[in-house]
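Q: Got input39.cif for you, mmCIF, C-alpha atoms:
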```
data_coords
#
loop_
_atom_site.label_atom_id
_atom_site.label_comp_id
_atom_site.auth_asym_id
_atom_site.auth_seq_id
_atom_site.Cartn_x
_atom_site.Cartn_y
_atom_site.Cartn_z
CA MET A 113 -120.11 -6.46 23.15
CA ILE A 114 -119.93 -3.32 21.02
CA SER A 115 -121.82 -0.26 22.22
CA LYS A 116 -124.54 0.99 19.86
CA GLU A 117 -123.93 4.55 21.01
CA ASP A 118 -120.20 4.29 20.27
CA ILE A 119 -120.83 2.87 16.79
CA ILE A 120 -123.29 5.65 15.96
CA LYS A 121 -120.99 8.37 17.28
CA ARG A 122 -117.98 7.05 15.37
CA PHE A 123 -119.90 6.50 12.13
CA VAL A 124 -121.53 9.95 12.20
CA SER A 125 -118.13 11.58 12.80
CA TYR A 126 -116.90 9.99 9.55
CA VAL A 127 -119.86 10.61 7.24
CA THR A 128 -120.08 14.29 8.14
CA VAL A 129 -116.65 14.80 6.55
CA ASP A 130 -116.93 15.26 2.77
CA THR A 131 -114.59 12.83 0.97
CA GLU A 132 -116.12 12.71 -2.51
CA SER A 133 -113.61 11.52 -5.13
CA ASP A 134 -113.19 12.99 -8.62
CA PRO A 135 -112.71 10.80 -11.72
CA ASN A 136 -111.42 13.78 -13.71
CA SER A 137 -108.50 14.42 -11.37
CA ASP A 138 -105.07 12.87 -11.96
CA THR A 139 -103.85 13.25 -8.37
CA THR A 140 -103.95 10.68 -5.55
CA PRO A 141 -106.11 11.21 -3.64
CA SER A 142 -108.22 12.72 -6.37
CA THR A 143 -109.57 15.43 -4.04
CA LYS A 144 -107.77 17.35 -1.31
CA LYS A 145 -110.72 17.00 1.05
CA GLN A 146 -110.06 13.27 1.40
CA TRP A 147 -107.01 14.24 3.47
CA ASP A 148 -109.31 15.69 6.15
CA LEU A 149 -110.72 12.32 7.13
CA ALA A 150 -107.50 10.44 6.34
CA ASN A 151 -105.50 12.50 8.83
CA ALA A 152 -108.24 12.15 11.45
CA LEU A 153 -108.21 8.36 11.00
CA VAL A 154 -104.45 8.25 11.55
CA GLN A 155 -104.88 10.13 14.82
CA GLU A 156 -107.71 7.85 15.89
CA LEU A 157 -105.72 4.67 15.15
CA GLN A 158 -102.91 6.02 17.31
CA ASN A 159 -105.32 7.00 20.07
CA ILE A 160 -106.84 3.52 20.37
CA GLY A 161 -103.37 1.94 20.63
CA MET A 162 -102.60 0.59 17.15
CA GLN A 163 -98.94 0.17 16.26
CA ASP A 164 -96.91 1.19 13.17
CA VAL A 165 -99.57 3.68 12.11
CA SER A 166 -98.59 5.30 8.81
CA ILE A 167 -99.98 7.41 6.01
CA ASP A 168 -98.08 7.83 2.75
CA GLN A 169 -97.95 10.67 0.22
CA ASN A 170 -101.06 9.29 -1.51
CA ALA A 171 -103.13 9.02 1.71
CA TYR A 172 -102.95 5.23 2.01
CA ILE A 173 -103.25 4.40 5.72
CA MET A 174 -101.85 1.28 7.37
CA ALA A 175 -101.62 0.12 10.99
CA THR A 176 -100.82 -3.03 12.95
CA LEU A 177 -102.34 -4.82 15.91
CA PRO A 178 -99.57 -7.13 17.18
CA SER A 179 -100.23 -10.80 17.92
CA ASN A 180 -101.05 -11.74 21.51
CA VAL A 181 -100.36 -15.48 21.13
CA ASP A 182 -97.07 -17.35 21.38
CA HIS A 183 -97.60 -19.56 18.32
CA GLU A 184 -97.20 -18.66 14.66
CA VAL A 185 -100.37 -17.39 13.00
CA PRO A 186 -100.77 -16.03 9.45
CA THR A 187 -101.06 -12.26 9.31
CA ILE A 188 -104.53 -11.19 8.23
CA GLY A 189 -105.78 -7.80 7.10
CA PHE A 190 -108.98 -5.75 6.94
CA ILE A 191 -109.39 -3.01 4.33
CA SER A 192 -111.94 -0.27 3.59
CA HIS A 193 -112.02 2.96 1.58
CA PHE A 194 -112.77 6.43 2.88
CA ASP A 195 -113.80 8.21 -0.32
CA THR A 196 -117.43 8.48 -1.39
CA SER A 197 -118.93 8.24 -4.85
CA PRO A 198 -119.09 11.23 -7.20
CA ASP A 199 -122.47 9.89 -8.40
CA PHE A 200 -124.21 12.03 -5.76
CA THR A 201 -123.07 14.80 -3.46
CA GLY A 202 -121.35 13.91 -0.21
CA ALA A 203 -121.16 17.48 1.07
CA ASN A 204 -123.03 18.53 4.22
CA VAL A 205 -124.25 15.03 5.07
CA ASN A 206 -126.89 15.29 7.79
CA PRO A 207 -127.52 11.77 9.14
CA GLN A 208 -130.94 10.93 10.57
CA ILE A 209 -131.29 8.33 13.35
CA VAL A 210 -134.46 6.22 13.15
CA GLU A 211 -134.95 4.26 16.38
CA ASN A 212 -137.07 1.08 16.43
CA TYR A 213 -137.96 1.22 12.73
CA ASP A 214 -141.65 0.34 12.40
CA GLY A 215 -141.61 -1.04 8.84
CA LYS A 216 -143.38 1.99 7.37
CA ASP A 217 -142.33 4.86 5.08
CA ILE A 218 -139.51 7.05 6.37
CA VAL A 219 -139.84 10.71 5.41
CA LEU A 220 -136.31 11.84 4.65
CA ASN A 221 -137.21 15.35 3.56
CA GLU A 222 -140.71 16.67 4.11
CA ALA A 223 -140.17 19.89 2.16
CA GLU A 224 -139.08 18.04 -0.97
CA ASN A 225 -141.36 15.02 -0.39
CA ILE A 226 -138.43 12.56 -0.41
CA VAL A 227 -139.53 9.26 1.14
CA LEU A 228 -137.61 6.04 1.83
CA SER A 229 -140.33 3.42 1.39
CA PRO A 230 -140.34 -0.37 1.85
CA ASP A 231 -142.83 -0.48 -1.04
CA TYR A 232 -139.88 0.31 -3.31
CA PHE A 233 -136.90 -0.74 -1.17
CA GLU A 234 -138.12 -4.08 0.18
CA ASP A 235 -134.89 -4.79 2.09
CA LEU A 236 -136.00 -2.23 4.67
CA LEU A 237 -138.36 -4.83 6.09
CA LEU A 238 -135.37 -6.99 7.06
CA TYR A 239 -134.55 -4.39 9.70
CA LYS A 240 -137.87 -3.83 11.45
CA ASP A 241 -137.42 -2.84 15.13
CA GLN A 242 -133.78 -1.94 14.51
CA THR A 243 -132.00 1.43 14.50
CA LEU A 244 -131.42 2.86 11.02
CA ILE A 245 -129.18 5.72 9.98
CA THR A 246 -130.46 7.48 6.86
CA THR A 247 -129.76 10.63 4.89
CA ASP A 248 -131.91 13.77 5.00
CA GLY A 249 -132.71 13.20 1.34
CA THR A 250 -130.30 15.78 -0.08
CA THR A 251 -127.00 13.83 -0.06
CA LEU A 252 -125.70 10.28 -0.02
CA LEU A 253 -124.86 8.85 3.40
CA GLY A 254 -121.35 7.46 2.95
CA ALA A 255 -121.91 4.03 4.49
CA ASP A 256 -120.01 2.95 1.36
CA ASP A 257 -117.51 2.58 2.86
CA LYS A 258 -117.29 4.56 6.07
CA ALA A 259 -119.35 1.82 7.70
CA GLY A 260 -116.45 -0.52 6.91
CA ILE A 261 -113.92 1.84 8.45
CA CYS A 262 -116.12 2.26 11.53
CA GLU A 263 -116.34 -1.51 11.94
CA ILE A 264 -112.62 -2.13 11.51
CA ILE A 265 -111.55 0.56 13.99
CA SER A 266 -114.25 -0.50 16.46
CA ALA A 267 -113.08 -4.12 16.21
CA MET A 268 -109.44 -3.16 16.74
CA GLU A 269 -110.36 -1.05 19.76
CA TYR A 270 -112.38 -3.93 21.22
CA LEU A 271 -109.54 -6.44 20.74
CA ILE A 272 -107.08 -4.03 22.36
CA LYS A 273 -109.39 -3.57 25.36
CA ASN A 274 -110.07 -7.31 25.62
CA PRO A 275 -106.72 -9.11 25.45
CA GLN A 276 -108.37 -12.36 26.56
CA ILE A 277 -109.47 -12.70 22.92
CA LYS A 278 -106.50 -14.38 21.28
CA HIS A 279 -105.41 -13.37 17.78
CA GLY A 280 -102.41 -13.22 15.51
CA THR A 281 -101.02 -10.08 13.90
CA ILE A 282 -103.73 -7.99 12.24
CA LYS A 283 -103.15 -5.31 9.63
CA VAL A 284 -105.66 -2.62 8.72
CA GLY A 285 -105.62 -0.50 5.57
CA PHE A 286 -107.73 2.44 4.44
CA THR A 287 -107.62 3.67 0.85
CA PRO A 288 -108.67 6.72 -1.18
CA ASP A 289 -110.40 6.76 -4.57
CA GLU A 290 -111.99 3.30 -4.59
CA GLU A 291 -115.18 4.78 -6.00
CA ILE A 292 -113.37 5.87 -9.16
CA GLY A 293 -111.61 2.53 -9.59
CA ARG A 294 -108.21 3.50 -8.20
CA GLY A 295 -108.39 2.33 -4.62
CA ALA A 296 -105.79 -0.39 -5.01
CA HIS A 297 -103.64 1.27 -7.67
CA LYS A 298 -100.98 2.52 -5.26
CA PHE A 299 -101.58 0.09 -2.40
CA ASP A 300 -98.23 -1.29 -1.19
CA VAL A 301 -99.02 -4.99 -0.71
CA GLU A 302 -95.48 -5.80 0.40
CA LYS A 303 -95.51 -3.07 3.06
CA PHE A 304 -98.95 -4.18 4.24
CA GLY A 305 -97.47 -7.59 4.94
CA ALA A 306 -100.63 -9.71 5.25
CA ASP A 307 -101.02 -13.27 4.01
CA TRP A 308 -104.60 -12.51 3.10
CA ALA A 309 -107.19 -9.82 3.83
CA TYR A 310 -110.88 -8.99 3.74
CA THR A 311 -112.50 -5.84 2.40
CA MET A 312 -115.38 -4.69 4.58
CA ASP A 313 -117.29 -3.23 1.66
CA GLY A 314 -120.38 -5.37 1.09
CA SER A 315 -124.02 -4.50 1.66
CA GLN A 316 -126.65 -6.69 3.33
CA ILE A 317 -125.83 -8.45 6.58
CA GLY A 318 -124.35 -11.89 5.85
CA GLU A 319 -122.85 -11.08 2.46
CA LEU A 320 -119.60 -12.93 1.77
CA GLU A 321 -118.22 -12.60 -1.73
CA TYR A 322 -115.19 -13.94 -3.53
CA GLU A 323 -116.39 -13.56 -7.13
CA ASN A 324 -116.79 -10.32 -9.03
CA PHE A 325 -117.12 -9.08 -12.58
CA ASN A 326 -114.35 -9.03 -15.12
CA ALA A 327 -114.43 -5.40 -16.16
CA ALA A 328 -113.39 -3.22 -19.09
CA GLY A 329 -114.14 0.27 -20.34
CA ALA A 330 -114.65 1.20 -23.99
CA VAL A 331 -114.57 4.61 -25.67
CA VAL A 332 -116.16 4.63 -29.12
CA LYS A 333 -115.52 7.65 -31.34
CA VAL A 334 -117.59 8.18 -34.48
CA LYS A 335 -116.41 10.67 -37.11
CA GLY A 336 -118.79 12.59 -39.34
CA LYS A 337 -118.65 15.50 -41.77
CA ILE A 338 -120.42 18.77 -41.24
CA VAL A 339 -121.52 20.91 -44.19
CA HIS A 340 -124.31 23.46 -44.63
CA PRO A 341 -127.57 21.49 -44.31
CA GLY A 342 -129.03 23.28 -47.31
CA TYR A 343 -126.32 21.81 -49.52
CA ALA A 344 -125.64 18.57 -47.66
CA LYS A 345 -126.91 15.94 -50.08
CA GLY A 346 -124.20 13.40 -50.75
CA LYS A 347 -121.74 15.32 -48.58
CA MET A 348 -122.86 15.44 -44.94
CA VAL A 349 -122.13 12.44 -42.71
CA ASN A 350 -123.98 12.67 -39.40
CA SER A 351 -121.92 10.90 -36.74
CA MET A 352 -124.93 10.65 -34.43
CA TYR A 353 -126.80 8.39 -36.86
CA ILE A 354 -123.80 6.05 -37.18
CA ALA A 355 -123.45 6.04 -33.40
CA THR A 356 -127.10 5.00 -33.19
CA GLU A 357 -126.35 2.10 -35.53
CA PHE A 358 -123.55 1.02 -33.19
CA ILE A 359 -125.80 1.23 -30.11
CA ASN A 360 -128.65 -0.67 -31.73
CA SER A 361 -126.37 -3.44 -33.00
CA LEU A 362 -125.47 -4.55 -29.46
CA PRO A 363 -127.86 -6.97 -27.69
CA ARG A 364 -130.64 -4.77 -26.34
CA LEU A 365 -131.44 -6.97 -23.35
CA GLU A 366 -127.82 -7.33 -22.25
CA THR A 367 -127.83 -4.09 -20.29
CA PRO A 368 -127.80 -3.50 -16.52
CA GLU A 369 -131.54 -2.92 -16.29
CA HIS A 370 -132.26 -6.33 -17.85
CA THR A 371 -129.65 -8.53 -16.12
CA GLU A 372 -128.97 -10.05 -12.73
CA GLY A 373 -126.91 -12.75 -10.99
CA TYR A 374 -124.15 -14.03 -13.23
CA GLN A 375 -125.47 -12.30 -16.37
CA GLY A 376 -123.05 -9.85 -17.94
CA PHE A 377 -123.84 -6.65 -19.81
CA PHE A 378 -122.83 -3.72 -21.99
CA HIS A 379 -123.57 -0.43 -20.26
CA LEU A 380 -123.68 2.79 -22.27
CA TYR A 381 -123.27 5.47 -19.61
CA SER A 382 -122.34 8.55 -21.63
CA ILE A 383 -123.11 10.04 -25.04
CA LYS A 384 -121.70 13.31 -26.33
CA GLY A 385 -122.68 14.01 -29.90
CA GLU A 386 -122.65 16.53 -32.75
CA VAL A 387 -122.70 16.01 -36.49
CA GLU A 388 -118.90 16.09 -36.71
CA GLU A 389 -118.18 13.67 -33.84
CA THR A 390 -120.04 11.49 -31.35
CA VAL A 391 -118.37 9.78 -28.39
CA LEU A 392 -119.92 6.79 -26.65
CA GLU A 393 -118.57 5.53 -23.33
CA TYR A 394 -119.31 1.97 -22.23
CA ILE A 395 -118.45 -0.35 -19.42
CA ILE A 396 -118.30 -4.08 -20.20
CA ARG A 397 -118.96 -6.62 -17.43
CA ASP A 398 -119.08 -10.42 -17.18
CA HIS A 399 -118.20 -12.97 -14.50
CA ASP A 400 -117.18 -15.58 -17.07
CA LYS A 401 -113.76 -14.85 -18.60
CA GLU A 402 -114.62 -16.36 -22.01
CA HIS A 403 -117.87 -14.41 -22.21
CA PHE A 404 -116.00 -11.28 -21.15
CA GLU A 405 -113.50 -11.69 -23.98
CA ALA A 406 -116.37 -12.38 -26.39
CA ARG A 407 -118.06 -9.13 -25.41
CA LYS A 408 -114.93 -7.13 -26.17
CA GLU A 409 -114.52 -8.98 -29.46
CA MET A 410 -118.15 -8.24 -30.38
CA MET A 411 -117.58 -4.50 -29.96
CA GLN A 412 -114.38 -4.63 -32.01
CA ASN A 413 -116.09 -6.63 -34.78
CA LEU A 414 -118.97 -4.14 -34.87
CA THR A 415 -116.47 -1.31 -35.27
CA ASP A 416 -114.80 -3.13 -38.17
CA GLU A 417 -118.14 -3.85 -39.83
CA LEU A 418 -119.25 -0.23 -39.73
CA ASN A 419 -115.96 0.92 -41.19
CA GLN A 420 -116.35 -1.65 -43.95
CA GLN A 421 -119.93 -0.52 -44.58
CA TYR A 422 -118.91 3.13 -44.93
CA GLU A 423 -115.71 2.23 -46.80
CA ARG A 424 -113.54 4.32 -44.52
CA GLU A 425 -112.64 4.61 -40.83
CA VAL A 426 -115.67 6.29 -39.35
CA VAL A 427 -115.53 4.45 -36.01
CA THR A 428 -112.61 3.88 -33.63
CA ILE A 429 -112.75 2.00 -30.36
CA ASP A 430 -110.39 1.93 -27.40
CA ILE A 431 -111.03 -0.93 -24.95
CA LYS A 432 -109.12 -1.09 -21.68
CA ASP A 433 -109.34 -3.80 -19.04
CA GLN A 434 -110.13 -2.45 -15.57
CA TYR A 435 -110.13 -5.45 -13.21
CA PHE A 436 -110.70 -9.20 -13.20
CA ASN A 437 -112.71 -11.80 -11.31
CA MET A 438 -110.92 -12.50 -8.02
CA LYS A 439 -112.38 -16.03 -7.96
CA GLU A 440 -109.31 -17.24 -9.87
CA LYS A 441 -107.02 -16.03 -7.06
CA VAL A 442 -109.21 -16.90 -4.08
CA GLU A 443 -110.29 -20.44 -4.99
CA PRO A 444 -106.76 -21.87 -4.41
CA VAL A 445 -106.94 -20.51 -0.82
CA MET A 446 -110.63 -21.15 -0.08
CA HIS A 447 -109.88 -21.64 3.61
CA ILE A 448 -109.89 -17.85 3.95
CA VAL A 449 -113.53 -17.80 2.82
CA ASP A 450 -114.31 -20.79 5.06
CA ILE A 451 -112.98 -18.93 8.11
CA ALA A 452 -115.21 -15.93 7.40
CA GLU A 453 -118.21 -18.20 6.82
CA GLU A 454 -117.60 -20.02 10.10
CA ALA A 455 -117.24 -16.70 11.93
CA MET A 456 -120.67 -15.65 10.71
CA LYS A 457 -122.27 -18.96 11.64
CA GLN A 458 -120.85 -18.78 15.16
CA LEU A 459 -122.45 -15.34 15.49
CA ASP A 460 -125.84 -16.62 14.24
CA ILE A 461 -125.49 -14.74 10.95
CA LYS A 462 -126.69 -16.59 7.85
CA PRO A 463 -123.85 -16.37 5.28
CA LEU A 464 -125.01 -15.10 1.89
CA ILE A 465 -122.30 -16.29 -0.47
CA LYS A 466 -122.81 -14.71 -3.86
CA ALA A 467 -121.02 -13.01 -6.72
CA ILE A 468 -120.53 -9.25 -6.68
CA ARG A 469 -122.13 -7.43 -9.59
CA GLY A 470 -119.31 -4.93 -9.45
CA GLY A 471 -115.78 -4.78 -8.10
CA THR A 472 -113.98 -3.91 -4.89
CA ASP A 473 -110.42 -3.03 -3.95
CA GLY A 474 -110.19 -6.73 -3.16
CA SER A 475 -110.53 -7.77 -6.77
CA GLN A 476 -107.44 -5.78 -7.74
CA LEU A 477 -105.54 -6.66 -4.57
CA SER A 478 -106.11 -10.36 -5.22
CA TYR A 479 -104.25 -10.01 -8.51
CA MET A 480 -101.52 -8.04 -6.73
CA GLY A 481 -100.77 -11.02 -4.49
CA LEU A 482 -103.17 -10.33 -1.60
CA PRO A 483 -106.21 -12.67 -1.77
CA CYS A 484 -109.07 -10.54 -0.52
CA PRO A 485 -112.71 -11.66 -0.28
CA ASN A 486 -115.42 -9.14 0.57
CA ILE A 487 -117.60 -9.05 3.71
CA PHE A 488 -120.78 -7.10 4.41
CA ALA A 489 -120.51 -3.63 5.93
CA GLY A 490 -124.28 -3.30 6.30
CA GLY A 491 -125.32 -0.40 4.09
CA HIS A 492 -128.00 -0.34 1.38
CA ASN A 493 -128.86 1.83 -1.64
CA PHE A 494 -125.32 3.15 -2.07
CA HIS A 495 -124.44 6.26 -4.09
CA GLY A 496 -127.67 8.14 -3.61
CA ARG A 497 -130.17 9.92 -1.37
CA TYR A 498 -131.88 6.68 -0.27
CA GLU A 499 -128.75 5.18 1.29
CA TYR A 500 -129.14 3.80 4.81
CA VAL A 501 -127.40 1.47 7.25
CA PRO A 502 -128.81 -0.50 10.20
CA VAL A 503 -126.69 0.04 13.32
CA GLU A 504 -127.18 -3.59 14.33
CA SER A 505 -125.58 -4.68 11.02
CA MET A 506 -122.52 -2.55 11.76
CA ILE A 507 -122.26 -4.11 15.21
CA LYS A 508 -122.49 -7.60 13.71
CA ALA A 509 -119.82 -6.77 11.11
CA THR A 510 -117.56 -5.58 13.94
CA GLU A 511 -118.14 -8.87 15.73
CA VAL A 512 -117.34 -10.81 12.53
CA ILE A 513 -113.94 -9.10 12.31
CA CYS A 514 -113.13 -10.04 15.89
CA LYS A 515 -114.34 -13.61 15.38
CA ILE A 516 -112.27 -14.06 12.18
CA ALA A 517 -109.18 -12.97 14.10
CA GLU A 518 -109.99 -15.40 16.92
CA LEU A 519 -110.75 -18.35 14.61
CA THR A 520 -107.58 -17.79 12.59
CA ALA A 521 -105.47 -17.95 15.77
CA GLU A 522 -107.29 -21.15 16.84
CA LYS A 523 -106.94 -22.78 13.43
CA TYR A 524 -103.17 -22.41 13.43
CA LYS A 525 -102.60 -23.42 17.05
#
```
Translate the structure of the given file into C-alpha cells.

A:
Amino acid sequence: MISKEDIIKRFVSYVTVDTESDPNSDTTPSTKKQWDLANALVQELQNIGMQDVSIDQNAYIMATLPSNVDHEVPTIGFISHFDTSPDFTGANVNPQIVENYDGKDIVLNEAENIVLSPDYFEDLLLYKDQTLITTDGTTLLGADDKAGICEIISAMEYLIKNPQIKHGTIKVGFTPDEEIGRGAHKFDVEKFGADWAYTMDGSQIGELEYENFNAAGAVVKVKGKIVHPGYAKGKMVNSMYIATEFINSLPRLETPEHTEGYQGFFHLYSIKGEVEETVLEYIIRDHDKEHFEARKEMMQNLTDELNQQYEREVVTIDIKDQYFNMKEKVEPVMHIVDIAEEAMKQLDIKPLIKAIRGGTDGSQLSYMGLPCPNIFAGGHNFHGRYEYVPVESMIKATEVICKIAELTAEKYK
C-alpha cells in the first residue's frame, strides 16, 4: 500500500530541518526556524493536490481533502505538530537506518560509546526484523511529531491517488510549539471546520488514547534575609532551608519516578536558590479531577502553614492550570474512538487503549470544541538521543488514517 522508501524519504526530509521550540520566547512560533519546515509543508500539501492550503501569521497550517462521496459525512481532521522539544538539541539531526533489526544492541555513536540497547529499552524487541530509524546519538530524532506529519501527508497523497477509496471531507492541521504547551493556543477551530479530529502523536503501535492528565504549573518563591554570616545569629533567614522544608513536606513517593498508570504526581523540575530568595518550579498532574484539585490545595495549604510557622509571608505560590483531561469531552462522542479502534482491528493492529501520562494538542482542542483523541505515530524514547521509530509502524499509522476515513464514510451512508 504505502512504499517504505517513500515513507523513509519523506520522514528524513522533515527531521533534518531543525524546528526546536523555545519556552522563553513570547512569539508564535517561538523560533523563526520553525517557519522553514512550515513553509515546505505548505508547498508539499499543494504539490500532492490538497485544497484550501493555508498558513497563518503564527504558522498554523490547514488543508482540505474534499469528499468523494455523494452522501453527507461528518468532516474529520488529523493533526500533528512540527516543532521538536527543547529538552535536547534538534540541530543537525543525522538519521541512521537500521535494516532488519536483529534484536541486539545498536551502536548509535561509536566514538562516544552511545548504545541503544534492548537490555534497557525493552520495547526494541517488539520490532525485531523491522526497519528502524534512529539518531546518531548526538541529537533527538524528531519522530515526535514529524512521524505524525509524515503519516498524515502520506495518507492524503494515497487517498488522492486512489479515488476508489471513498471518504468524506478530511481536514489536516499542523501546529507549532506543542512541545512547550502552546500548540493549540492559537488554533482556529472554527476555520478548521471539522466535527472531530485525531492527533497523530502517540508512541507504540496500537496506542489509542482519549484520557490525559489534568495539568497545572506552580511557581513557589521563598524569601529570606541575607546578612554577614559572622553576625547572622537571630538575623539571617536562609530561604534555601525553608524551600527544603516545602519540598520535604510533599509526599516523597508521589513523583514521576515512583508513579505509573493513573497515579498522579508533583514534579519539581527546577530550583534556583540563594540565601535571599529560592524559586521552586513544579508541575502538578493527575487524571482524576478531584485528586488534581486536592494536589493544588495541598500546595496552597503548605504555603499557608509555613507562613504561619515563620509568622510572616516567607512563601508565595502561583498555581496556573495548563490543560484538562479530555475524557470529559470525548466520552459523550465515544463513537469517534470506536471508529479508530475498528480501523486498527481491520488492519490487524491490536488497539492499546490507555491514558496518556502527559498531554497533547488534542486535550486542549477538545475543550475548544473539537473532540480529539490521540493515535500512535510509532516513535519511542522521545526528547532524547535514544529516540527511534520503526518504519513499519509509520506505514501502519498511515493505513489507520486511510481506514478511519473509509469507515467514517461507510458509517454515515

Q: With distances taken over all atoms listed in the file, which of A:Gly474, A:Ile114, A:Ile516, A:Gly490 is nearest to His297 (chain A)?

A: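 Using all atoms listed in the file, the shortest distance to His297 (chain A) belongs to A:Gly474.
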
Q: Have a look at A:Ile395, A:Val449, A:Leu228, A:Cys262 and name the one nearest to Lys508 (chain A); count only C-alpha atoms.

A: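 Closest to Lys508 (chain A) of all the choices is A:Cys262.
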
Q: What are the closest atom pairs, with distances in Å to one decimal, for each residue of region 264-301 of chain A lying within 12 Å of region 422-434 of chain A, using only C-alpha atoms, rows by chain and rising residue number, as a tab-separated table?

A:
```
residue	atom	partner	partner_atom	distance
A:Ile292	CA	A:Gln434	CA	11.0
A:Gly293	CA	A:Gln434	CA	7.9
A:Arg294	CA	A:Gln434	CA	9.7
A:Ala296	CA	A:Gln434	CA	11.6
A:His297	CA	A:Gln434	CA	10.9
```

Q: Can I get the residues of region 276-361 of chain A within 10 Å of region 148-156 of chain A, each with the closest pair of atoms and their distance in Å to one decimal, using only C-alpha atoms, sorted chain first then ascending number, as CSV?

A:
```
residue,atom,partner,partner_atom,distance
A:Phe286,CA,A:Ala150,CA,8.2
A:Thr287,CA,A:Ala150,CA,8.7
A:Pro288,CA,A:Ala150,CA,8.5
```

Q: Which residues, named as in the file, does the PyMOL selection byres ((chain A and resi 398) around 12) pick out? Answer as a PyMOL selection string.

A: chain A and resi 323-328+366-368+371-379+395-397+399-408+433+435-437+467-471

Q: Could you tell me how far CA of Lys345 (chain A) lies from CA of Val387 (chain A), in Å and to one decimal?

A: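 We find that CA of Lys345 (chain A) and CA of Val387 (chain A) lie 14.2 Å from each other.
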
Q: Which one of A:Val227, A:Met411, A:Ile277, A:Ala489 sits closest to Tyr394 (chain A) if you count all atoms listed in the file?

A: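 Using all atoms listed in the file, Tyr394 (chain A) sits closest to A:Met411.
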
Q: As a ChimeraX atom specification, please: the residues near Lys515 (chain A) (cut-off 9 Å, only C-alpha atoms, same-chain neighbours under 6 positions excluded).

A: /A:452,454-456,458-459

Q: List the residues selected by the PyMOL selection byres ((chain A and resi 246) around 8) in the file shown, writing them as a compact mmCIF listing (two decimals) with C-alpha atoms, in the frame of the given file.

A:
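The new file selection03.txt reads:
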```txt
# COMPACT_ATOMS: atom_id res chain seq x y z
CA PRO A 207 -127.52 11.77 9.14
CA GLN A 208 -130.94 10.93 10.57
CA ILE A 209 -131.29 8.33 13.35
CA VAL A 210 -134.46 6.22 13.15
CA LEU A 220 -136.31 11.84 4.65
CA LEU A 244 -131.42 2.86 11.02
CA ILE A 245 -129.18 5.72 9.98
CA THR A 247 -129.76 10.63 4.89
CA ASP A 248 -131.91 13.77 5.00
CA LEU A 253 -124.86 8.85 3.40
CA TYR A 498 -131.88 6.68 -0.27
CA GLU A 499 -128.75 5.18 1.29
CA TYR A 500 -129.14 3.80 4.81
CA VAL A 501 -127.40 1.47 7.25
```

Q: Selected by the PyMOL selection byres ((chain A and resi 191) around 10) in the shown coordinates: which residues, as an MDAnalysis selection string?

A: chainID A and resid 173:174 189:190 192:193 257 260:261 264 283:287 309:313 473:474 484 486

Q: Quick one: everything within 8 Å of Met162 (chain A), counting all atoms listed in the file, minus sequence neighbours fewer than 5 positions away in the same chain. Send it as a PDB file with C-alpha atoms, in the coordinates of the input.

A:
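Generated file (selection17.pdb):
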```pdb
ATOM      1  CA  LEU A 157    -105.720   4.670  15.150  1.00  0.00           C
ATOM      2  CA  ALA A 175    -101.620   0.120  10.990  1.00  0.00           C
ATOM      3  CA  THR A 176    -100.820  -3.030  12.950  1.00  0.00           C
ATOM      4  CA  LEU A 177    -102.340  -4.820  15.910  1.00  0.00           C
ATOM      5  CA  MET A 268    -109.440  -3.160  16.740  1.00  0.00           C
TER       6      MET A 268
END
```

Q: Could you please determine the separation between CA of Ala509 (chain A) and CA of Ser142 (chain A) in Å, to one decimal place?

A: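 Computed distance, CA of Ala509 (chain A) to CA of Ser142 (chain A), equals 28.6 Å.
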
Q: Please write a file for region 335-346 of chain A, taken from the block I just shared, that holds N, CA and C atoms and is laid out as a PDB file, in the first residue's frame.

A:
```
ATOM      1  N   LYS A 335      11.243  33.731  50.420  1.00  0.00           N
ATOM      2  CA  LYS A 335      12.019  34.921  50.745  1.00  0.00           C
ATOM      3  C   LYS A 335      12.869  34.698  51.996  1.00  0.00           C
ATOM      4  N   GLY A 336      14.121  35.094  51.929  1.00  0.00           N
ATOM      5  CA  GLY A 336      14.996  35.034  53.081  1.00  0.00           C
ATOM      6  C   GLY A 336      15.579  36.395  53.393  1.00  0.00           C
ATOM      7  N   LYS A 337      16.562  36.425  54.295  1.00  0.00           N
ATOM      8  CA  LYS A 337      17.269  37.664  54.615  1.00  0.00           C
ATOM      9  C   LYS A 337      18.755  37.368  54.665  1.00  0.00           C
ATOM     10  N   ILE A 338      19.518  38.134  53.907  1.00  0.00           N
ATOM     11  CA  ILE A 338      20.951  37.933  53.897  1.00  0.00           C
ATOM     12  C   ILE A 338      21.633  38.988  54.779  1.00  0.00           C
ATOM     13  N   VAL A 339      22.487  38.521  55.688  1.00  0.00           N
ATOM     14  CA  VAL A 339      23.343  39.406  56.470  1.00  0.00           C
ATOM     15  C   VAL A 339      24.719  38.740  56.534  1.00  0.00           C
ATOM     16  N   HIS A 340      25.704  39.444  57.007  1.00  0.00           N
ATOM     17  CA  HIS A 340      27.055  38.889  57.121  1.00  0.00           C
ATOM     18  C   HIS A 340      27.001  37.633  57.989  1.00  0.00           C
ATOM     19  N   PRO A 341      27.535  36.498  57.483  1.00  0.00           N
ATOM     20  CA  PRO A 341      27.417  35.254  58.253  1.00  0.00           C
ATOM     21  C   PRO A 341      28.111  35.298  59.613  1.00  0.00           C
ATOM     22  N   GLY A 342      29.076  36.195  59.756  1.00  0.00           N
ATOM     23  CA  GLY A 342      29.743  36.279  61.059  1.00  0.00           C
ATOM     24  C   GLY A 342      28.869  36.920  62.124  1.00  0.00           C
ATOM     25  N   TYR A 343      27.827  37.618  61.679  1.00  0.00           N
ATOM     26  CA  TYR A 343      26.962  38.332  62.633  1.00  0.00           C
ATOM     27  C   TYR A 343      25.495  37.983  62.370  1.00  0.00           C
ATOM     28  N   ALA A 344      25.255  36.744  61.968  1.00  0.00           N
ATOM     29  CA  ALA A 344      23.942  36.356  61.450  1.00  0.00           C
ATOM     30  C   ALA A 344      22.986  35.830  62.502  1.00  0.00           C
ATOM     31  N   LYS A 345      23.474  35.531  63.711  1.00  0.00           N
ATOM     32  CA  LYS A 345      22.606  34.880  64.678  1.00  0.00           C
ATOM     33  C   LYS A 345      21.367  35.726  64.970  1.00  0.00           C
ATOM     34  N   GLY A 346      20.210  35.079  64.808  1.00  0.00           N
ATOM     35  CA  GLY A 346      18.954  35.752  65.074  1.00  0.00           C
ATOM     36  C   GLY A 346      18.520  36.712  63.986  1.00  0.00           C
TER      37      GLY A 346
END
```
